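Quick look at data12.txt (compact mmCIF, C-alpha atoms):
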```
# COMPACT_ATOMS: atom_id res chain seq x y z
CA MET A 1 139.08 -17.63 8.58
CA THR A 2 142.19 -15.62 9.28
CA VAL A 3 142.28 -12.66 11.66
CA GLU A 4 142.57 -10.42 8.59
CA GLU A 5 139.37 -11.86 7.11
CA LEU A 6 137.52 -11.34 10.40
CA THR A 7 138.79 -7.77 10.44
CA ASP A 8 137.44 -7.31 6.90
CA GLU A 9 133.99 -8.49 8.00
CA ILE A 10 134.05 -6.20 11.03
CA SER A 11 135.16 -3.27 8.83
CA ALA A 12 132.29 -3.97 6.44
CA ILE A 13 129.77 -3.95 9.30
CA ASP A 14 131.22 -0.69 10.62
CA ALA A 15 130.93 0.82 7.13
CA ILE A 16 127.26 -0.13 6.92
CA TYR A 17 126.50 0.84 10.54
CA PRO A 18 128.99 3.61 11.40
CA ASP A 19 130.34 3.68 14.98
CA SER A 20 128.44 0.50 15.82
CA VAL A 21 131.43 -1.78 16.51
CA THR A 22 133.89 -1.59 19.40
CA SER A 23 136.91 -3.87 19.76
CA ILE A 24 137.19 -5.06 23.37
CA ALA A 25 139.99 -7.62 23.07
CA PRO A 26 141.45 -9.83 20.33
CA GLN A 27 138.43 -11.38 18.56
CA ILE A 28 135.96 -9.92 21.09
CA TYR A 29 133.68 -7.13 19.88
CA ASN A 30 130.67 -5.13 21.00
CA PHE A 31 127.97 -4.54 18.36
CA LYS A 32 125.23 -1.96 18.79
CA ILE A 33 121.81 -3.11 17.61
CA PRO A 34 120.76 -0.98 14.58
CA ASN A 35 118.00 1.51 15.49
CA HIS A 36 118.35 0.43 19.14
CA GLU A 37 121.76 1.81 20.03
CA SER A 38 121.12 1.62 23.78
CA LEU A 39 121.50 -2.16 23.39
CA SER A 40 124.73 -3.93 22.47
CA ILE A 41 125.82 -7.54 22.26
CA GLN A 42 129.32 -8.70 23.07
CA LEU A 43 130.56 -11.61 20.97
CA SER A 44 133.68 -13.75 21.07
CA PHE A 45 134.85 -15.15 17.73
CA PRO A 46 136.70 -18.50 17.76
CA ASP A 47 139.94 -18.87 15.82
CA VAL A 48 138.15 -21.09 13.29
CA TYR A 49 135.17 -18.77 12.70
CA PRO A 50 133.05 -19.16 10.59
CA GLU A 51 133.56 -22.92 10.88
CA GLU A 52 132.27 -22.43 14.43
CA SER A 53 129.74 -19.90 15.65
CA PRO A 54 130.67 -16.81 17.68
CA GLN A 55 129.63 -16.97 21.32
CA LEU A 56 127.40 -14.47 23.11
CA ILE A 57 129.27 -13.16 26.15
CA GLN A 58 126.80 -10.58 27.42
CA ILE A 59 124.12 -8.04 26.60
CA ILE A 60 124.90 -4.42 27.40
CA ASN A 61 121.65 -2.66 28.26
CA GLU A 62 121.84 1.10 28.75
CA GLN A 63 118.07 1.45 29.04
CA THR A 64 117.07 -0.97 31.77
CA SER A 65 113.80 0.85 32.38
CA ARG A 66 112.79 0.03 28.79
CA PHE A 67 114.22 -3.48 28.52
CA THR A 68 113.70 -4.95 31.97
CA ASP A 69 113.81 -8.71 31.40
CA THR A 70 117.46 -9.51 30.70
CA VAL A 71 116.91 -13.27 30.84
CA TYR A 72 114.22 -13.01 28.17
CA LEU A 73 116.50 -10.91 25.95
CA GLU A 74 119.46 -13.27 26.35
CA LYS A 75 117.29 -16.27 25.49
CA ASN A 76 115.93 -14.68 22.31
CA ILE A 77 119.27 -13.27 21.16
CA SER A 78 120.89 -16.69 21.63
CA GLU A 79 118.09 -18.33 19.65
CA ILE A 80 118.50 -15.81 16.81
CA LEU A 81 122.27 -16.36 16.80
CA ASN A 82 121.78 -20.13 16.56
CA ARG A 83 119.17 -19.74 13.83
CA VAL A 84 121.18 -17.50 11.50
CA TYR A 85 124.49 -19.32 11.91
CA ILE A 86 125.45 -21.56 9.00
CA PRO A 87 128.86 -23.27 9.13
CA ASP A 88 131.48 -21.63 6.90
CA GLN A 89 129.27 -18.57 6.27
CA VAL A 90 129.85 -15.13 7.82
CA ILE A 91 126.78 -14.04 9.76
CA MET A 92 127.17 -10.58 11.27
CA PHE A 93 125.11 -8.62 8.73
CA GLU A 94 122.22 -11.06 8.89
CA LEU A 95 122.48 -11.36 12.69
CA LEU A 96 122.24 -7.60 13.20
CA THR A 97 119.38 -7.37 10.71
CA GLU A 98 117.47 -10.11 12.55
CA LEU A 99 118.14 -8.47 15.92
CA GLN A 100 116.93 -5.12 14.63
CA GLU A 101 113.69 -6.73 13.45
CA PHE A 102 113.28 -8.52 16.79
CA PHE A 103 113.64 -5.32 18.81
CA ASP A 104 111.44 -3.36 16.39
CA LYS A 105 108.71 -5.92 17.09
CA TYR A 106 109.50 -5.92 20.82
CA ILE A 107 109.01 -2.14 21.01
CA GLU A 108 105.76 -2.43 19.09
CA GLU A 109 104.42 -5.14 21.40
CA HIS A 110 105.72 -3.56 24.63
CA PRO A 111 104.89 0.15 24.45
CA GLU A 112 106.04 2.29 27.33
CA PRO A 113 103.17 2.91 29.78
CA GLU A 114 101.78 6.42 29.69
CA VAL A 115 102.28 8.39 32.88
CA GLU A 116 99.04 9.89 34.19
CA PRO A 117 99.40 13.56 35.07
CA THR A 118 99.17 14.27 38.80
CA SER A 119 96.43 16.69 39.78
CA VAL A 120 97.54 19.55 42.01
CA ASP A 121 95.28 22.06 43.77
CA VAL A 122 96.28 25.52 42.68
CA LYS A 123 94.87 28.73 44.10
CA LYS A 124 93.12 30.90 41.58
CA ASP A 125 95.36 33.52 40.14
CA HIS A 126 94.16 36.32 37.90
CA THR A 127 97.56 36.60 36.25
CA PRO A 128 97.18 36.00 32.51
CA SER A 129 98.23 32.48 31.56
CA PRO A 130 101.24 32.21 29.29
CA ILE A 131 100.59 31.20 25.71
CA ILE A 132 101.54 27.57 25.28
CA GLN A 133 102.41 26.47 21.80
CA LYS A 134 100.93 23.16 20.79
CA GLU A 135 103.57 20.51 20.26
CA GLU A 136 103.74 19.07 16.79
CA THR A 137 102.86 15.41 16.47
CA PRO A 138 106.03 13.51 15.58
CA VAL A 139 106.07 12.11 12.07
CA GLU A 140 105.85 8.32 12.06
CA TYR A 141 109.01 6.70 10.70
CA VAL A 142 108.54 4.60 7.56
CA ASP A 143 111.30 2.17 6.63
CA PRO A 144 112.53 3.25 3.15
CA THR A 145 113.42 -0.35 2.25
CA ILE A 146 109.83 -1.61 2.55
CA GLY A 147 108.63 -2.86 -0.84
CA TRP A 148 112.16 -3.56 -2.09
CA THR A 149 113.55 -7.02 -2.76
CA GLN A 150 116.98 -7.26 -1.11
CA SER A 151 119.95 -9.51 -1.92
CA ASP A 152 122.25 -11.25 0.49
CA PRO A 153 125.42 -9.21 1.09
CA ILE A 154 128.70 -9.96 -0.63
CA VAL A 155 131.78 -9.03 1.42
CA ASP A 156 135.15 -8.82 -0.32
CA ARG A 157 138.26 -7.32 1.32
CA GLY A 158 136.18 -5.04 3.49
CA SER A 159 133.80 -3.82 0.79
CA THR A 160 130.14 -4.84 1.03
CA PHE A 161 127.68 -5.07 -1.87
CA ILE A 162 123.89 -5.34 -1.47
CA GLY A 163 121.31 -5.22 -4.26
CA TYR A 164 117.75 -3.86 -4.14
CA ALA A 165 114.98 -4.17 -6.74
CA ARG A 166 111.43 -2.86 -6.99
CA LYS A 167 108.60 -2.89 -9.53
CA VAL A 168 107.96 0.46 -11.22
CA ASP A 169 105.37 1.60 -13.77
CA SER A 170 106.72 5.02 -14.71
CA LEU A 171 109.93 7.02 -14.83
CA GLN A 172 108.64 9.37 -12.14
CA GLN A 173 107.89 6.43 -9.86
CA ALA A 174 111.39 5.03 -10.37
CA GLN A 175 112.96 8.36 -9.45
CA GLU A 176 110.74 8.73 -6.38
CA TYR A 177 111.51 5.21 -5.16
CA LEU A 178 115.24 5.80 -5.61
CA SER A 179 115.10 9.11 -3.72
CA ASP A 180 113.24 7.44 -0.85
CA LEU A 181 115.57 4.44 -0.69
CA ILE A 182 118.75 6.46 -0.28
CA THR A 183 117.27 8.26 2.74
CA ASP A 184 117.75 5.02 4.67
CA LYS A 185 120.38 5.62 7.34
CA LYS A 186 122.44 2.61 6.32
CA ILE A 187 122.14 3.09 2.55
CA SER A 188 122.93 6.79 2.75
CA LYS A 189 126.34 5.85 4.19
CA ALA A 190 127.25 3.75 1.13
CA ALA A 191 130.15 4.98 -0.99
CA HIS A 192 128.09 4.37 -4.14
CA ASN A 193 124.42 3.67 -4.86
CA ILE A 194 124.49 2.47 -8.46
CA SER A 195 121.08 2.37 -10.15
CA SER A 196 119.48 1.27 -13.40
CA TRP A 197 115.91 0.93 -14.63
CA ARG A 198 113.93 -0.30 -17.62
CA ILE A 199 110.30 0.72 -18.05
CA LYS A 200 107.83 -0.20 -20.79
CA LEU A 201 104.52 1.66 -20.88
CA ASP A 202 101.24 0.24 -22.21
CA ASN A 203 101.56 2.43 -25.32
CA GLY A 204 104.93 0.87 -26.17
CA VAL A 205 107.07 3.81 -25.04
CA THR A 206 110.18 2.65 -23.17
CA PHE A 207 112.62 4.25 -20.75
CA GLN A 208 116.08 2.87 -20.01
CA ASP A 209 118.73 4.67 -18.01
CA CYS A 210 121.34 4.30 -15.30
CA ASP A 211 123.43 6.23 -12.78
CA ASP A 212 127.01 5.32 -11.78
CA ASP A 213 126.91 7.45 -8.60
CA GLY A 214 130.68 7.82 -8.86
CA GLU A 215 131.47 4.16 -9.63
CA THR A 216 132.58 4.69 -13.24
CA ALA A 217 130.91 2.37 -15.79
CA ALA A 218 129.01 0.45 -13.09
CA GLY A 219 125.61 1.86 -14.04
CA SER A 220 125.92 0.97 -17.72
CA ARG A 221 127.03 -2.55 -16.80
CA LEU A 222 124.01 -2.92 -14.53
CA LEU A 223 121.73 -1.68 -17.32
CA HIS A 224 123.34 -4.18 -19.71
CA LEU A 225 122.52 -6.93 -17.20
CA LEU A 226 118.84 -5.90 -17.20
CA GLN A 227 118.86 -5.92 -21.00
CA MET A 228 120.46 -9.36 -21.19
CA MET A 229 117.90 -10.71 -18.70
CA ASP A 230 115.07 -8.94 -20.57
CA ALA A 231 113.86 -7.43 -17.29
CA TRP A 232 111.22 -4.71 -17.60
CA ASN A 233 109.36 -2.38 -15.24
CA VAL A 234 111.98 -2.65 -12.54
CA ILE A 235 114.53 -0.41 -10.88
CA VAL A 236 117.68 -2.02 -9.48
CA VAL A 237 120.00 -0.34 -7.00
CA VAL A 238 123.34 -1.75 -5.84
CA SER A 239 124.87 -0.18 -2.73
CA ARG A 240 128.60 -0.50 -2.13
CA TRP A 241 130.23 0.30 1.19
CA PHE A 242 133.96 0.77 0.63
CA GLY A 243 136.22 -0.97 3.13
CA GLY A 244 139.41 0.91 2.28
CA THR A 245 140.98 -1.70 -0.02
CA HIS A 246 140.64 -1.38 -3.80
CA ILE A 247 139.44 -4.67 -5.32
CA GLY A 248 139.77 -3.81 -9.02
CA PRO A 249 137.45 -5.40 -11.61
CA ASP A 250 136.03 -7.78 -9.00
CA ARG A 251 133.71 -4.96 -7.94
CA PHE A 252 131.83 -5.21 -11.25
CA LYS A 253 131.39 -8.95 -10.79
CA HIS A 254 129.89 -8.38 -7.33
CA ILE A 255 127.63 -5.56 -8.57
CA ASN A 256 126.25 -7.82 -11.31
CA SER A 257 125.94 -10.75 -8.93
CA VAL A 258 123.75 -9.00 -6.34
CA GLY A 259 121.86 -7.23 -9.13
CA ARG A 260 121.07 -10.52 -10.82
CA GLU A 261 120.04 -12.06 -7.49
CA VAL A 262 117.38 -9.43 -6.74
CA ILE A 263 116.00 -9.55 -10.28
CA ILE A 264 115.46 -13.29 -9.95
CA LYS A 265 114.40 -13.20 -6.29
CA GLY A 266 111.85 -10.46 -7.04
CA ASP A 267 110.47 -12.49 -9.97
CA PHE A 268 111.15 -9.70 -12.45
CA VAL A 269 112.31 -12.22 -15.06
CA ASN A 270 112.28 -15.96 -15.58
CA ALA A 271 115.51 -17.36 -14.09
CA ASN A 272 115.85 -19.73 -17.06
CA ASN A 273 115.94 -16.86 -19.56
CA ASN A 274 118.97 -14.90 -18.38
CA ASN A 275 122.72 -14.94 -18.48
CA ASN A 276 124.80 -15.65 -15.44
CA GLY A 277 125.95 -12.34 -13.99
CA GLY A 278 128.96 -13.91 -12.31
CA ASN A 279 129.49 -16.88 -10.04
CA THR A 280 130.15 -15.54 -6.58
CA LYS A 281 129.67 -17.16 -3.21
CA LYS A 282 127.00 -15.33 -1.26
CA LYS A 283 125.67 -15.72 2.21
CA LYS A 284 123.00 -18.40 2.36
CA LYS A 285 119.70 -17.85 4.09
```

Represent the structure contained in this file as structure tokens.
Amino acid sequence: MTVEELTDEISAIDAIYPDSVTSIAPQIYNFKIPNHESLSIQLSFPDVYPEESPQLIQIINEQTSRFTDTVYLEKNISEILNRVYIPDQVIMFELLTELQEFFDKYIEEHPEPEVEPTSVDVKKDHTPSPIIQKEETPVEYVDPTIGWTQSDPIVDRGSTFIGYARKVDSLQQAQEYLSDLITDKKISKAAHNISSWRIKLDNGVTFQDCDDDGETAAGSRLLHLLQMMDAWNVIVVVSRWFGGTHIGPDRFKHINSVGREVIIKGDFVNANNNNNGGNTKKKKK
């Protein structure tokens, strides 16, 4: 990989996770862990990356009271890095996704201890007590991507394409799922969230529609893909993060490629009964 290609991958990550990447030195970067921005990893990329894996230099922990066991963290981060690395395949998106999941689980399994209030003797005072408003219970965060089948990312000249698919039984449900999905912090930063759906009700009534979201003709092409694959009762969304370089018609090939992947991966159609949406190298699992 050339330095330019590495820069494209870094730009794509920064587009998906804004302000998460810091260049420290040539081919050395800090990456904030998504949803856990007090933690960063510093990686050094060899000249021949991705033929060889990047190396973990250090963990930057800005919340030592929360993450106290640095040795444990280093061990697990190194294991995750070794697990996701596949020679000749870029890994940063999958690495950060895996690290986010690891720390989500870590927080769940290691809750912060509750501090017991200290009792203090106070002399009786007949002064009226101030009215204390009851604090509202914080709303529990629900990951908007839960329930969606997700494709591997395609990175091309700084732009990143990821497909999502989900089973739907009504037009209203499709619209609600789409509205929820684009509230995701990462997905909301995409330049375009192209969508298409096909729904067939028990009474034979059908709904088919699409939305370009500013990527002219992309929605209709995605709908055509669903029609060619005879996929029903599914909504497909393709998110594109723009890296600053126009890639021309190749963008439609990538949109169809990740769209086709999630349709097959989600078992929304038999893989033997569809057309090839474009042969594109994608990141292997």

**Item:** Test item: which residues lie within 12 Å of (138.5, -20.5, 9.0) counting only C-alpha atoms, as number ranges by chain
**Value:** A: 1-6, 45-53, 87-90

**Asked** Mind pulling up the distance from atom CA of A:Ala218 to atom CA of A:Gly248?
**Response** 12.3 Å

**Request:** Within 12 Å of A:Ile247, counting only C-alpha atoms, which residues show up once you throw out same-chain ones fewer than 5 positions away? Write them as a list of chain:residue names, please.
**Result:** A:Val155, A:Asp156, A:Arg157, A:Gly158, A:Ser159, A:Thr160, A:Phe242, A:Phe252, A:Lys253, A:His254

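Closest to A:Phe93 among A:Asn233, A:Ser151, A:Thr70, A:Asn203 is A:Ser151, based on only C-alpha atoms.
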
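The coordinates place atom CA of A:Val21 at 13.1 Å from atom CA of A:Ser38.
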
10 Å contact set for A:Leu223, all atoms listed in the file, chain neighbours under 4 positions out, as a compact mmCIF listing (two decimals) with C-alpha atoms, in the frame of the given file:
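Printed below is result20.txt as written:
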```
# COMPACT_ATOMS: atom_id res chain seq x y z
CA SER A 195 121.08 2.37 -10.15
CA SER A 196 119.48 1.27 -13.40
CA TRP A 197 115.91 0.93 -14.63
CA ARG A 198 113.93 -0.30 -17.62
CA GLN A 208 116.08 2.87 -20.01
CA ASP A 209 118.73 4.67 -18.01
CA CYS A 210 121.34 4.30 -15.30
CA ASP A 211 123.43 6.23 -12.78
CA ALA A 218 129.01 0.45 -13.09
CA GLY A 219 125.61 1.86 -14.04
CA GLN A 227 118.86 -5.92 -21.00
CA MET A 228 120.46 -9.36 -21.19
CA MET A 229 117.90 -10.71 -18.70
CA ALA A 231 113.86 -7.43 -17.29
CA ILE A 235 114.53 -0.41 -10.88
CA VAL A 236 117.68 -2.02 -9.48
CA ASN A 256 126.25 -7.82 -11.31
CA GLY A 259 121.86 -7.23 -9.13
```

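Computed from the coordinates, the atom CA of A:Thr68 to atom CA of A:Ile80 distance equals 19.3 Å.
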
**Prompt:** Which residues, written as a ChimeraX atom specification, have at least one atom at most 12 Å from A:Pro153, with only C-alpha atoms counted and residues fewer than 3 positions away on the same chain left out?
**Reply:** /A:9,12-13,16,89-94,97,150,156,158-164,238-241,254-255,257-259,261-262,280-285

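If all atoms listed in the file are the atoms counted, then among A:Ile77, A:Val237, A:Ala191, A:Ile33 the closest residue to A:Ser179 is A:Val237.
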
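Shortest separation to A:Ser188 among A:Pro144, A:Gly204, A:Pro34, A:Pro249 occurs at residue A:Pro144, atoms counted being all atoms listed in the file.
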
Write out as AutoDock Vina command-line options an axis-aligned box for stretch 37-55 of chain A: all of its atoms listed in the file, 6 Å added on each side, centre and edge lengths in Å with one decimal.
```
--center_x 130.5 --center_y -10.6 --center_z 17.2 --size_x 30.8 --size_y 36.7 --size_z 25.2
```

Which neighbours of A:Arg66 fall inside 12 Å, counting only C-alpha atoms, when residues of the same chain fewer than 4 positions from it are skipped, and could you give them as a CSV table (one decimal) with C-alpha atoms, in the coordinates of the input?
```
chain,number,residue,atom,x,y,z
A,36,HIS,CA,118.4,0.4,19.1
A,38,SER,CA,121.1,1.6,23.8
A,39,LEU,CA,121.5,-2.2,23.4
A,61,ASN,CA,121.6,-2.7,28.3
A,62,GLU,CA,121.8,1.1,28.8
A,70,THR,CA,117.5,-9.5,30.7
A,73,LEU,CA,116.5,-10.9,26.0
A,103,PHE,CA,113.6,-5.3,18.8
A,106,TYR,CA,109.5,-5.9,20.8
A,107,ILE,CA,109.0,-2.1,21.0
A,110,HIS,CA,105.7,-3.6,24.6
A,111,PRO,CA,104.9,0.2,24.4
A,112,GLU,CA,106.0,2.3,27.3
A,113,PRO,CA,103.2,2.9,29.8
```

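Minimum atom-to-atom distance to A:Ser23, evaluated using only C-alpha atoms, belongs to A:Ile10 out of A:Leu171, A:Val142, A:Ile187, A:Ile10.
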
Show me as a PDB file with C-alpha atoms, in the frame of the given file the residues that reach within 12 Å of (109.3, 7.9, -14.4), counting all atoms listed in the file and using the file's own coordinates.
```pdb
ATOM      1  CA  LYS A 167     108.600  -2.890  -9.530  1.00  0.00           C
ATOM      2  CA  VAL A 168     107.960   0.460 -11.220  1.00  0.00           C
ATOM      3  CA  ASP A 169     105.370   1.600 -13.770  1.00  0.00           C
ATOM      4  CA  SER A 170     106.720   5.020 -14.710  1.00  0.00           C
ATOM      5  CA  LEU A 171     109.930   7.020 -14.830  1.00  0.00           C
ATOM      6  CA  GLN A 172     108.640   9.370 -12.140  1.00  0.00           C
ATOM      7  CA  GLN A 173     107.890   6.430  -9.860  1.00  0.00           C
ATOM      8  CA  ALA A 174     111.390   5.030 -10.370  1.00  0.00           C
ATOM      9  CA  GLN A 175     112.960   8.360  -9.450  1.00  0.00           C
ATOM     10  CA  GLU A 176     110.740   8.730  -6.380  1.00  0.00           C
ATOM     11  CA  TYR A 177     111.510   5.210  -5.160  1.00  0.00           C
ATOM     12  CA  LEU A 178     115.240   5.800  -5.610  1.00  0.00           C
ATOM     13  CA  TRP A 197     115.910   0.930 -14.630  1.00  0.00           C
ATOM     14  CA  ARG A 198     113.930  -0.300 -17.620  1.00  0.00           C
ATOM     15  CA  ILE A 199     110.300   0.720 -18.050  1.00  0.00           C
ATOM     16  CA  LYS A 200     107.830  -0.200 -20.790  1.00  0.00           C
ATOM     17  CA  LEU A 201     104.520   1.660 -20.880  1.00  0.00           C
ATOM     18  CA  VAL A 205     107.070   3.810 -25.040  1.00  0.00           C
ATOM     19  CA  THR A 206     110.180   2.650 -23.170  1.00  0.00           C
ATOM     20  CA  PHE A 207     112.620   4.250 -20.750  1.00  0.00           C
ATOM     21  CA  GLN A 208     116.080   2.870 -20.010  1.00  0.00           C
ATOM     22  CA  ASP A 209     118.730   4.670 -18.010  1.00  0.00           C
ATOM     23  CA  ASN A 233     109.360  -2.380 -15.240  1.00  0.00           C
ATOM     24  CA  VAL A 234     111.980  -2.650 -12.540  1.00  0.00           C
ATOM     25  CA  ILE A 235     114.530  -0.410 -10.880  1.00  0.00           C
TER      26      ILE A 235
END
```

Reconstruct N, CA and C atoms of stretch 215-227 of chain A; output as an mmCIF file, in the coordinates of the input.
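What follows is the written file selection-v4.cif:
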```
data_model
loop_
_atom_site.group_PDB
_atom_site.id
_atom_site.type_symbol
_atom_site.label_atom_id
_atom_site.label_comp_id
_atom_site.auth_asym_id
_atom_site.auth_seq_id
_atom_site.Cartn_x
_atom_site.Cartn_y
_atom_site.Cartn_z
ATOM 1 N N GLU A 215 130.789 5.430 -9.335
ATOM 2 C CA GLU A 215 131.470 4.160 -9.630
ATOM 3 C C GLU A 215 131.493 4.008 -11.148
ATOM 4 N N THR A 216 132.528 4.549 -11.785
ATOM 5 C CA THR A 216 132.580 4.690 -13.240
ATOM 6 C C THR A 216 132.263 3.383 -13.968
ATOM 7 N N ALA A 217 131.332 3.467 -14.907
ATOM 8 C CA ALA A 217 130.910 2.370 -15.790
ATOM 9 C C ALA A 217 130.033 1.339 -15.104
ATOM 10 N N ALA A 218 129.801 1.456 -13.796
ATOM 11 C CA ALA A 218 129.010 0.450 -13.090
ATOM 12 C C ALA A 218 127.540 0.516 -13.488
ATOM 13 N N GLY A 219 127.014 1.727 -13.683
ATOM 14 C CA GLY A 219 125.610 1.860 -14.040
ATOM 15 C C GLY A 219 125.297 1.258 -15.393
ATOM 16 N N SER A 220 126.154 1.513 -16.376
ATOM 17 C CA SER A 220 125.920 0.970 -17.720
ATOM 18 C C SER A 220 126.029 -0.551 -17.719
ATOM 19 N N ARG A 221 126.917 -1.090 -16.904
ATOM 20 C CA ARG A 221 127.030 -2.550 -16.800
ATOM 21 C C ARG A 221 125.774 -3.143 -16.168
ATOM 22 N N LEU A 222 125.233 -2.441 -15.170
ATOM 23 C CA LEU A 222 124.010 -2.920 -14.530
ATOM 24 C C LEU A 222 122.835 -2.858 -15.501
ATOM 25 N N LEU A 223 122.778 -1.788 -16.304
ATOM 26 C CA LEU A 223 121.730 -1.680 -17.320
ATOM 27 C C LEU A 223 121.875 -2.795 -18.357
ATOM 28 N N HIS A 224 123.105 -3.094 -18.748
ATOM 29 C CA HIS A 224 123.340 -4.180 -19.710
ATOM 30 C C HIS A 224 122.843 -5.510 -19.138
ATOM 31 N N LEU A 225 123.018 -5.710 -17.836
ATOM 32 C CA LEU A 225 122.520 -6.930 -17.200
ATOM 33 C C LEU A 225 120.999 -7.013 -17.328
ATOM 34 N N LEU A 226 120.307 -5.915 -17.068
ATOM 35 C CA LEU A 226 118.840 -5.900 -17.200
ATOM 36 C C LEU A 226 118.420 -6.204 -18.630
ATOM 37 N N GLN A 227 119.183 -5.674 -19.595
ATOM 38 C CA GLN A 227 118.860 -5.920 -21.000
ATOM 39 C C GLN A 227 119.073 -7.382 -21.364
#
```
